[in-house]
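Report on the following structure.
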Amino acid sequence: MLAAGAGMAVALRPSPGSVPPGLIPFGAYDPAGDFANETDFNIEHIFLPWEDVAINSLFDADRYALARDRALLVTLEPWTWSRSERNTPGALRAGIAAGDYDATMRSVCEVLAALESPVTLRWGQEMDDNDGQFIWAGWQPQDFIAAYRRMMGIARDTVPGINLMWSPLGHEGMTAYYPGDDYVDLTGLSVFGLQAWDRAYYNRDRSFAEVFAPRYDGAVGFGKPIVVAELGYSGDAAYVADWDNQVRSLAAQFPALVGVVYFNYPEVYDWPQGFGRPDWRIGDRVVTIAS
């Protein structure tokens with residue numbers, strides 16, 4: 001289902017053998033083009049703000065994906081990427097409820113409708129997180145649901161055949177934010193593995209399956225296909241190899257998992273407790289970990 005309606009990159013720097021082994025469809029957010037020449041690759045992921053957006057980048061991504069027979073996964077973030085101009089959670093909530101952002105959403109969706117690639121739209125991701133990164137996260141569930149339905153309703157009306165992805169981080173309380181079956185075609189989850197974090201807080205290395213399982217279990221009851229919409233892992237060579245060997249190879253354990261999408265970029269927000277910003281890029285994610 002994802003390959004029939006999902007999937008960025010723009011440069012060329014081949015890295016043979018970088019796609020993890022397995023049969024589950026794979027893609028990436030890949031602005032440097034590390035996966036440009038990979039053939040076992042199905043999904044191009046792009047991130048866009050809905051204000052001050054370089055709308056032509058969507059057409060660039062569309063041409064890039066079409067040339068490689070890939071689908072597009074578009075994460076639309078309801079803010080500007082200029083930190084000095086971002087509004088507040090309250091202003092965003094009120095503005096959406098008042099219809100102030102309807103035209104903004106519709107203008108982006110009209111461009112999505114003009115693309116030739118299959119498109120999945122992911123709006124307001126990780127709404128169940130409370131760490132303050134996103135102004136649309138940590139709202140009362142009913143407020144987020146109302147906003148999500150309004151925005152994704154515009155997308156459904158504007159873009160024929162679009163797939164809609166509801167994408168919590170995967171915390172225990174994520175189910176309260178579920179907007180209803182009519183507004184969800186796919187569920188996207190975020191999964192990151194940082195070996196230094198595991199050893200500091202769990203006194204051992206955790207596997208992909210261990211980190212993913214509780215998130216999967218919380219989402220599978222909705223009956224929607226599940227995608228790891230953001231995936232990253234960093235540690236020593238053995239840790240990275242263990243994650244590599246699991247992320248696309250556990251279809252029997254996670255039968256609803258229909259795709260994994262790697263975040264091939266450095267972390268953009270600091271991890272808590274002084275862990276900084278891990279580098280998830282495939283060429284930089286193997287690091288030395290103190291015993």
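Just so we're on the same page: first chain in the structure tokens is A, next is B, and so on; residues restart at 1 for each chain, and ligands are numbered from 1 in the order they show up.
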Selection: 12 Å around Ile96 in chain A, only C-alpha atoms, excl. self and same-chain fewer than 5 positions, as a compact mmCIF listing (two decimals) with N, CA, C and O atoms, in the first residue's frame:
```txt
# COMPACT_ATOMS: atom_id res chain seq x y z
N PRO A 78 3.45 22.22 10.14
CA PRO A 78 2.66 23.45 10.19
C PRO A 78 3.34 24.60 10.92
O PRO A 78 2.92 25.04 11.99
N TRP A 79 4.42 25.08 10.32
CA TRP A 79 5.13 26.26 10.78
C TRP A 79 6.08 26.71 9.69
O TRP A 79 6.18 26.09 8.62
N PRO A 89 1.99 27.58 20.10
CA PRO A 89 0.98 26.51 20.01
C PRO A 89 -0.44 27.06 20.06
O PRO A 89 -1.31 26.63 19.28
N GLY A 90 -0.68 28.02 20.94
CA GLY A 90 -2.02 28.58 21.05
C GLY A 90 -2.46 29.30 19.79
O GLY A 90 -3.61 29.17 19.35
N ALA A 91 -1.55 30.06 19.18
CA ALA A 91 -1.88 30.77 17.95
C ALA A 91 -2.15 29.81 16.81
O ALA A 91 -3.07 30.00 16.00
N TYR A 101 -5.73 28.93 8.26
CA TYR A 101 -4.71 28.18 7.52
C TYR A 101 -5.30 27.32 6.40
O TYR A 101 -4.57 26.57 5.76
N ASP A 102 -6.59 27.42 6.18
CA ASP A 102 -7.21 26.61 5.14
C ASP A 102 -6.58 26.90 3.77
O ASP A 102 -6.27 25.97 3.01
N ALA A 103 -6.40 28.16 3.45
CA ALA A 103 -5.84 28.53 2.14
C ALA A 103 -4.40 28.07 2.03
O ALA A 103 -3.95 27.64 0.95
N THR A 104 -3.66 28.14 3.14
CA THR A 104 -2.27 27.68 3.13
C THR A 104 -2.22 26.19 2.81
O THR A 104 -1.44 25.75 1.96
N MET A 105 -3.04 25.42 3.50
CA MET A 105 -3.07 23.98 3.28
C MET A 105 -3.52 23.66 1.87
O MET A 105 -2.93 22.81 1.19
N TRP A 136 2.85 21.91 17.47
CA TRP A 136 1.59 21.16 17.32
C TRP A 136 1.56 19.91 18.19
O TRP A 136 0.62 19.12 18.12
N ASP A 143 -8.08 18.65 20.66
CA ASP A 143 -7.66 19.82 19.88
C ASP A 143 -6.82 19.40 18.67
O ASP A 143 -6.98 19.94 17.57
N PHE A 144 -5.89 18.46 18.90
CA PHE A 144 -5.09 18.01 17.77
C PHE A 144 -5.96 17.29 16.74
O PHE A 144 -5.82 17.50 15.53
N ILE A 145 -6.85 16.44 17.21
CA ILE A 145 -7.71 15.67 16.29
C ILE A 145 -8.53 16.61 15.41
O ILE A 145 -8.65 16.42 14.20
N ALA A 146 -9.10 17.66 16.02
CA ALA A 146 -9.88 18.62 15.24
C ALA A 146 -9.02 19.30 14.18
O ALA A 146 -9.45 19.47 13.02
N ALA A 147 -7.80 19.68 14.55
CA ALA A 147 -6.90 20.34 13.60
C ALA A 147 -6.50 19.38 12.49
O ALA A 147 -6.49 19.73 11.30
N TYR A 148 -6.13 18.15 12.87
CA TYR A 148 -5.71 17.15 11.90
C TYR A 148 -6.83 16.85 10.91
O TYR A 148 -6.61 16.80 9.69
N ARG A 149 -8.03 16.66 11.42
CA ARG A 149 -9.16 16.36 10.52
C ARG A 149 -9.42 17.52 9.55
O ARG A 149 -9.69 17.29 8.37
N ARG A 150 -9.34 18.72 10.04
CA ARG A 150 -9.58 19.86 9.17
C ARG A 150 -8.54 19.92 8.05
O ARG A 150 -8.88 20.09 6.87
N MET A 151 -7.27 19.78 8.41
CA MET A 151 -6.21 19.88 7.41
C MET A 151 -6.19 18.69 6.46
O MET A 151 -6.08 18.84 5.24
N MET A 152 -6.33 17.50 7.00
CA MET A 152 -6.31 16.32 6.14
C MET A 152 -7.59 16.19 5.33
O MET A 152 -7.60 15.58 4.25
N ILE A 154 -8.96 18.78 3.91
CA ILE A 154 -8.62 19.60 2.74
C ILE A 154 -7.77 18.80 1.77
O ILE A 154 -7.98 18.83 0.55
```
Per-residue nearest contacts of range 122-234 of chain A to range 45-61 of chain A (10 Å; only C-alpha atoms) as a tab-separated table:
```
residue	atom	partner	partner_atom	distance
A:Arg122	CA	A:Phe47	CA	9.3
A:Trp123	CA	A:Leu48	CA	9.9
A:Ala229	CA	A:His45	CA	8.6
A:Glu230	CA	A:His45	CA	9.3
```
The selected residues should be written to file as a PDB file, in the first residue's frame (atoms: all heavy atoms).
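The resulting part02.pdb:
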```pdb
ATOM      1  N   ARG A 122       2.020  13.286   5.271  1.00  0.00           N
ATOM      2  CA  ARG A 122       2.189  13.141   6.718  1.00  0.00           C
ATOM      3  C   ARG A 122       2.180  14.551   7.314  1.00  0.00           C
ATOM      4  O   ARG A 122       3.061  15.349   7.060  1.00  0.00           O
ATOM      5  CB  ARG A 122       3.520  12.425   6.976  1.00  0.00           C
ATOM      6  CG  ARG A 122       3.940  12.224   8.420  1.00  0.00           C
ATOM      7  CD  ARG A 122       5.266  11.456   8.420  1.00  0.00           C
ATOM      8  NE  ARG A 122       5.810  11.197   9.745  1.00  0.00           N
ATOM      9  CZ  ARG A 122       6.972  11.681  10.202  1.00  0.00           C
ATOM     10  NH1 ARG A 122       7.714  12.494   9.446  1.00  0.00           N
ATOM     11  NH2 ARG A 122       7.403  11.365  11.408  1.00  0.00           N
ATOM     12  N   TRP A 123       1.158  14.847   8.115  1.00  0.00           N
ATOM     13  CA  TRP A 123       0.988  16.202   8.647  1.00  0.00           C
ATOM     14  C   TRP A 123       1.002  16.152  10.169  1.00  0.00           C
ATOM     15  O   TRP A 123       0.380  15.291  10.797  1.00  0.00           O
ATOM     16  CB  TRP A 123      -0.335  16.792   8.169  1.00  0.00           C
ATOM     17  CG  TRP A 123      -0.578  18.211   8.638  1.00  0.00           C
ATOM     18  CD1 TRP A 123      -0.196  19.346   7.992  1.00  0.00           C
ATOM     19  CD2 TRP A 123      -1.237  18.630   9.844  1.00  0.00           C
ATOM     20  NE1 TRP A 123      -0.572  20.461   8.718  1.00  0.00           N
ATOM     21  CE2 TRP A 123      -1.217  20.038   9.868  1.00  0.00           C
ATOM     22  CE3 TRP A 123      -1.821  17.956  10.912  1.00  0.00           C
ATOM     23  CZ2 TRP A 123      -1.769  20.784  10.903  1.00  0.00           C
ATOM     24  CZ3 TRP A 123      -2.366  18.700  11.949  1.00  0.00           C
ATOM     25  CH2 TRP A 123      -2.354  20.093  11.944  1.00  0.00           C
ATOM     26  N   ALA A 229       8.264   5.742   9.768  1.00  0.00           N
ATOM     27  CA  ALA A 229       8.394   6.933   8.934  1.00  0.00           C
ATOM     28  C   ALA A 229       9.709   7.664   9.154  1.00  0.00           C
ATOM     29  O   ALA A 229      10.176   8.392   8.279  1.00  0.00           O
ATOM     30  CB  ALA A 229       7.229   7.880   9.192  1.00  0.00           C
ATOM     31  N   GLU A 230      10.289   7.502  10.349  1.00  0.00           N
ATOM     32  CA  GLU A 230      11.621   8.046  10.635  1.00  0.00           C
ATOM     33  C   GLU A 230      12.395   6.983  11.394  1.00  0.00           C
ATOM     34  O   GLU A 230      11.960   6.537  12.457  1.00  0.00           O
ATOM     35  CB  GLU A 230      11.539   9.332  11.460  1.00  0.00           C
ATOM     36  CG  GLU A 230      10.918  10.499  10.705  1.00  0.00           C
ATOM     37  CD  GLU A 230      11.002  11.804  11.482  1.00  0.00           C
ATOM     38  OE1 GLU A 230      12.038  12.033  12.156  1.00  0.00           O
ATOM     39  OE2 GLU A 230      10.044  12.595  11.422  1.00  0.00           O
TER      40      GLU A 230
END
```
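Closest approach to Ile43 in chain A among A:Thr120, A:Thr175, A:Gln253, A:Asn130: A:Thr120, based on only C-alpha atoms.
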Close residues, Val247 in chain A itself excluded, 12 Å, only C-alpha atoms, min 2 positions apart in chain, as a ChimeraX atom specification: /A:19-27,191-193,207-213,227-228,230-233,240-245,249-251,253-254,257-262
Using only N, CA and C atoms, please write the residues we just selected to a file, as a short mmCIF file (atom, residue, chain, number, x, y, z; two decimals), in the first residue's frame.
```cif
data_model
loop_
_atom_site.label_atom_id
_atom_site.label_comp_id
_atom_site.auth_asym_id
_atom_site.auth_seq_id
_atom_site.Cartn_x
_atom_site.Cartn_y
_atom_site.Cartn_z
N VAL A 19 21.60 -0.14 1.58
CA VAL A 19 20.23 -0.52 1.91
C VAL A 19 20.27 -1.78 2.77
N PRO A 20 19.63 -1.77 3.93
CA PRO A 20 19.65 -2.96 4.79
C PRO A 20 19.02 -4.16 4.09
N PRO A 21 19.44 -5.37 4.45
CA PRO A 21 18.88 -6.57 3.82
C PRO A 21 17.44 -6.80 4.28
N GLY A 22 16.66 -7.43 3.41
CA GLY A 22 15.29 -7.76 3.77
C GLY A 22 14.32 -7.48 2.64
N LEU A 23 13.05 -7.74 2.90
CA LEU A 23 12.03 -7.62 1.87
C LEU A 23 11.05 -6.48 2.11
N ILE A 24 11.02 -5.91 3.30
CA ILE A 24 10.10 -4.82 3.59
C ILE A 24 10.52 -3.59 2.78
N PRO A 25 9.59 -2.94 2.08
CA PRO A 25 9.95 -1.75 1.28
C PRO A 25 10.73 -0.73 2.09
N PHE A 26 11.70 -0.11 1.43
CA PHE A 26 12.65 0.78 2.09
C PHE A 26 12.70 2.13 1.38
N GLY A 27 12.92 3.18 2.16
CA GLY A 27 13.13 4.50 1.60
C GLY A 27 13.91 5.35 2.57
N VAL A 191 11.39 5.63 15.09
CA VAL A 191 12.21 4.68 15.84
C VAL A 191 13.67 5.07 15.68
N PHE A 192 14.32 5.41 16.80
CA PHE A 192 15.74 5.76 16.77
C PHE A 192 16.48 4.93 17.82
N GLY A 193 17.65 4.46 17.44
CA GLY A 193 18.49 3.70 18.35
C GLY A 193 19.83 4.37 18.54
N SER A 207 17.83 -3.73 20.77
CA SER A 207 17.68 -4.04 19.36
C SER A 207 16.55 -3.20 18.75
N PHE A 208 16.49 -3.19 17.44
CA PHE A 208 15.38 -2.54 16.75
C PHE A 208 14.06 -3.14 17.20
N ALA A 209 13.98 -4.45 17.25
CA ALA A 209 12.73 -5.10 17.62
C ALA A 209 12.28 -4.68 19.01
N GLU A 210 13.21 -4.55 19.95
CA GLU A 210 12.85 -4.18 21.31
C GLU A 210 12.30 -2.76 21.37
N VAL A 211 12.92 -1.84 20.64
CA VAL A 211 12.46 -0.45 20.65
C VAL A 211 11.14 -0.32 19.89
N PHE A 212 11.01 -1.03 18.80
CA PHE A 212 9.84 -0.88 17.94
C PHE A 212 8.61 -1.59 18.48
N ALA A 213 8.77 -2.72 19.12
CA ALA A 213 7.63 -3.57 19.48
C ALA A 213 6.54 -2.85 20.26
N VAL A 227 4.14 2.05 9.02
CA VAL A 227 5.42 2.43 8.42
C VAL A 227 6.31 3.01 9.51
N VAL A 228 7.58 2.65 9.52
CA VAL A 228 8.54 3.41 10.32
C VAL A 228 8.90 4.62 9.48
N GLU A 230 10.29 7.50 10.35
CA GLU A 230 11.62 8.05 10.64
C GLU A 230 12.40 6.98 11.39
N LEU A 231 13.52 6.58 10.84
CA LEU A 231 14.37 5.55 11.41
C LEU A 231 15.81 6.02 11.42
N GLY A 232 16.47 5.85 12.55
CA GLY A 232 17.89 6.17 12.62
C GLY A 232 18.55 5.36 13.71
N TYR A 233 19.83 5.06 13.53
CA TYR A 233 20.56 4.33 14.57
C TYR A 233 22.05 4.63 14.44
N VAL A 240 25.29 -1.16 14.89
CA VAL A 240 24.70 -0.76 13.61
C VAL A 240 24.36 -1.99 12.77
N ALA A 241 25.25 -2.97 12.75
CA ALA A 241 24.99 -4.18 11.97
C ALA A 241 23.77 -4.92 12.49
N ASP A 242 23.60 -4.97 13.81
CA ASP A 242 22.44 -5.64 14.38
C ASP A 242 21.14 -4.96 13.96
N TRP A 243 21.12 -3.65 14.00
CA TRP A 243 19.93 -2.92 13.56
C TRP A 243 19.72 -3.11 12.05
N ASP A 244 20.79 -3.01 11.28
CA ASP A 244 20.69 -3.24 9.84
C ASP A 244 20.02 -4.57 9.53
N ASN A 245 20.38 -5.59 10.26
CA ASN A 245 19.89 -6.93 9.97
C ASN A 245 18.46 -7.17 10.44
N SER A 249 13.72 -7.16 8.07
CA SER A 249 13.72 -8.62 8.05
C SER A 249 12.79 -9.26 9.06
N LEU A 250 11.92 -8.49 9.69
CA LEU A 250 11.07 -9.04 10.75
C LEU A 250 9.59 -9.00 10.36
N ALA A 251 9.32 -9.32 9.11
CA ALA A 251 7.93 -9.29 8.65
C ALA A 251 7.05 -10.28 9.40
N GLN A 253 7.33 -11.17 12.54
CA GLN A 253 7.06 -10.63 13.87
C GLN A 253 6.16 -9.40 13.82
N PHE A 254 6.28 -8.61 12.73
CA PHE A 254 5.51 -7.38 12.58
C PHE A 254 4.78 -7.39 11.23
N LEU A 257 3.78 -4.20 9.25
CA LEU A 257 4.82 -3.26 8.84
C LEU A 257 5.03 -3.35 7.33
N VAL A 258 4.74 -2.24 6.64
CA VAL A 258 4.80 -2.25 5.17
C VAL A 258 5.91 -1.36 4.61
N GLY A 259 6.68 -0.71 5.47
CA GLY A 259 7.76 0.13 4.97
C GLY A 259 8.60 0.70 6.10
N VAL A 260 9.88 0.93 5.81
CA VAL A 260 10.77 1.62 6.74
C VAL A 260 11.48 2.73 5.97
N VAL A 261 11.54 3.90 6.59
CA VAL A 261 12.06 5.09 5.92
C VAL A 261 13.17 5.68 6.78
N TYR A 262 14.40 5.62 6.29
CA TYR A 262 15.56 6.05 7.06
C TYR A 262 15.69 7.56 7.06
#
```
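Take the candidates A:Phe134, A:Gln125, A:Tyr239, A:Ser117 and check each one against Arg83 in chain A using only C-alpha atoms; the shortest distance goes to A:Phe134.
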Sel. of strand (DSSP E or B) residues, range 43-192 of chain A, as an MDAnalysis selection string: chainID A and resid 43:49 71:77 119:123 163:166 186:192
Just write the chosen residues, N, CA, C and O atoms, as a CSV table (one decimal), in the first residue's frame.
```
chain,number,residue,atom,x,y,z
A,43,ILE,N,10.9,4.6,-1.6
A,43,ILE,CA,10.2,5.8,-1.0
A,43,ILE,C,11.1,6.9,-0.9
A,43,ILE,O,12.2,6.8,-0.2
A,44,GLU,N,10.8,8.1,-1.4
A,44,GLU,CA,11.6,9.3,-1.2
A,44,GLU,C,10.8,10.2,-0.2
A,44,GLU,O,9.6,10.5,-0.5
A,45,HIS,N,11.5,10.5,0.9
A,45,HIS,CA,10.8,11.3,1.9
A,45,HIS,C,11.3,12.7,1.8
A,45,HIS,O,12.5,13.0,1.8
A,46,ILE,N,10.4,13.7,1.9
A,46,ILE,CA,10.8,15.1,1.9
A,46,ILE,C,10.0,15.8,3.1
A,46,ILE,O,8.9,15.4,3.4
A,47,PHE,N,10.7,16.8,3.6
A,47,PHE,CA,10.1,17.6,4.7
A,47,PHE,C,9.9,19.0,4.2
A,47,PHE,O,10.7,19.6,3.5
A,48,LEU,N,8.7,19.6,4.5
A,48,LEU,CA,8.4,20.9,4.0
A,48,LEU,C,7.7,21.7,5.2
A,48,LEU,O,6.9,21.1,5.9
A,49,PRO,N,8.0,23.0,5.3
A,49,PRO,CA,7.1,23.8,6.2
A,49,PRO,C,6.0,24.3,5.3
A,49,PRO,O,6.1,24.4,4.1
A,71,ALA,N,8.0,6.3,-4.9
A,71,ALA,CA,6.9,7.1,-4.4
A,71,ALA,C,7.4,8.2,-3.5
A,71,ALA,O,8.5,8.1,-3.0
A,72,LEU,N,6.5,9.2,-3.2
A,72,LEU,CA,6.8,10.3,-2.4
A,72,LEU,C,6.1,10.2,-1.0
A,72,LEU,O,4.9,10.0,-1.0
A,73,LEU,N,6.9,10.4,0.0
A,73,LEU,CA,6.3,10.6,1.3
A,73,LEU,C,6.6,12.1,1.7
A,73,LEU,O,7.8,12.4,1.8
A,74,VAL,N,5.6,12.9,1.9
A,74,VAL,CA,5.7,14.3,2.1
A,74,VAL,C,5.3,14.6,3.6
A,74,VAL,O,4.2,14.4,3.9
A,75,THR,N,6.3,15.0,4.4
A,75,THR,CA,6.0,15.5,5.7
A,75,THR,C,5.8,17.0,5.7
A,75,THR,O,6.8,17.7,5.4
A,76,LEU,N,4.6,17.4,6.0
A,76,LEU,CA,4.3,18.8,6.0
A,76,LEU,C,4.2,19.3,7.4
A,76,LEU,O,3.3,18.9,8.2
A,77,GLU,N,5.1,20.2,7.8
A,77,GLU,CA,5.1,20.7,9.2
A,77,GLU,C,4.4,22.1,9.2
A,77,GLU,O,4.8,23.0,8.5
A,119,VAL,N,1.6,9.9,-3.9
A,119,VAL,CA,2.0,10.7,-2.8
A,119,VAL,C,1.3,10.2,-1.5
A,119,VAL,O,0.1,9.9,-1.5
A,120,THR,N,2.0,10.2,-0.4
A,120,THR,CA,1.5,10.0,0.9
A,120,THR,C,1.8,11.3,1.7
A,120,THR,O,3.0,11.8,1.6
A,121,LEU,N,0.8,11.9,2.4
A,121,LEU,CA,1.0,13.1,3.1
A,121,LEU,C,1.0,12.8,4.6
A,121,LEU,O,0.1,12.2,5.1
A,122,ARG,N,2.0,13.3,5.3
A,122,ARG,CA,2.2,13.1,6.7
A,122,ARG,C,2.2,14.6,7.3
A,122,ARG,O,3.1,15.3,7.1
A,123,TRP,N,1.2,14.8,8.1
A,123,TRP,CA,1.0,16.2,8.6
A,123,TRP,C,1.0,16.2,10.2
A,123,TRP,O,0.4,15.3,10.8
A,163,ASN,N,-2.7,9.3,-0.1
A,163,ASN,CA,-2.7,8.5,1.1
A,163,ASN,C,-2.4,9.4,2.3
A,163,ASN,O,-1.5,10.2,2.2
A,164,LEU,N,-3.1,9.3,3.4
A,164,LEU,CA,-2.9,10.1,4.5
A,164,LEU,C,-2.2,9.3,5.6
A,164,LEU,O,-2.7,8.2,6.0
A,165,MET,N,-1.2,9.9,6.2
A,165,MET,CA,-0.4,9.2,7.2
A,165,MET,C,-0.6,9.9,8.5
A,165,MET,O,-0.2,11.1,8.7
A,166,TRP,N,-1.1,9.2,9.5
A,166,TRP,CA,-1.1,9.7,10.9
A,166,TRP,C,0.1,9.2,11.6
A,166,TRP,O,0.4,8.0,11.5
A,186,LEU,N,-2.4,5.2,6.6
A,186,LEU,CA,-1.2,4.5,7.1
A,186,LEU,C,-0.9,5.1,8.4
A,186,LEU,O,-1.1,6.3,8.6
A,187,THR,N,-0.3,4.3,9.3
A,187,THR,CA,0.2,4.9,10.5
A,187,THR,C,1.7,4.9,10.4
A,187,THR,O,2.4,3.9,10.1
A,188,GLY,N,2.3,6.0,10.7
A,188,GLY,CA,3.8,6.2,10.7
A,188,GLY,C,4.3,6.3,12.1
A,188,GLY,O,3.8,7.1,12.9
A,189,LEU,N,5.4,5.6,12.4
A,189,LEU,CA,6.0,5.7,13.8
A,189,LEU,C,7.5,6.1,13.6
A,189,LEU,O,8.1,5.9,12.6
A,190,SER,N,8.0,6.7,14.7
A,190,SER,CA,9.5,7.0,14.7
A,190,SER,C,10.2,6.1,15.6
A,190,SER,O,9.8,5.8,16.7
A,191,VAL,N,11.4,5.6,15.1
A,191,VAL,CA,12.2,4.7,15.8
A,191,VAL,C,13.7,5.1,15.7
A,191,VAL,O,14.2,5.0,14.6
A,192,PHE,N,14.3,5.4,16.8
A,192,PHE,CA,15.7,5.8,16.8
A,192,PHE,C,16.5,4.9,17.8
A,192,PHE,O,16.0,4.7,18.9
```
Selected residue, from A:Asp182, A:Asp236, A:Asp40, A:Glu85, that lies nearest to Ala290 in chain A when counting only C-alpha atoms: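 Of A:Asp182, A:Asp236, A:Asp40, A:Glu85, the one nearest Ala290 in chain A, counting only C-alpha atoms, is A:Asp236.
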Atom pair CA of Tyr178 in chain A / CA of Pro255 in chain A: separation (Å):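 Between these atoms lies a distance of 20.7 Å.
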Every residue of range 51-227 of chain A that DSSP places in helix (DSSP H, G or I), as an MDAnalysis selection string: chainID A and resid 56:67 83:85 89:98 102:114 141:158 172:177 181:183 195:201 208:220
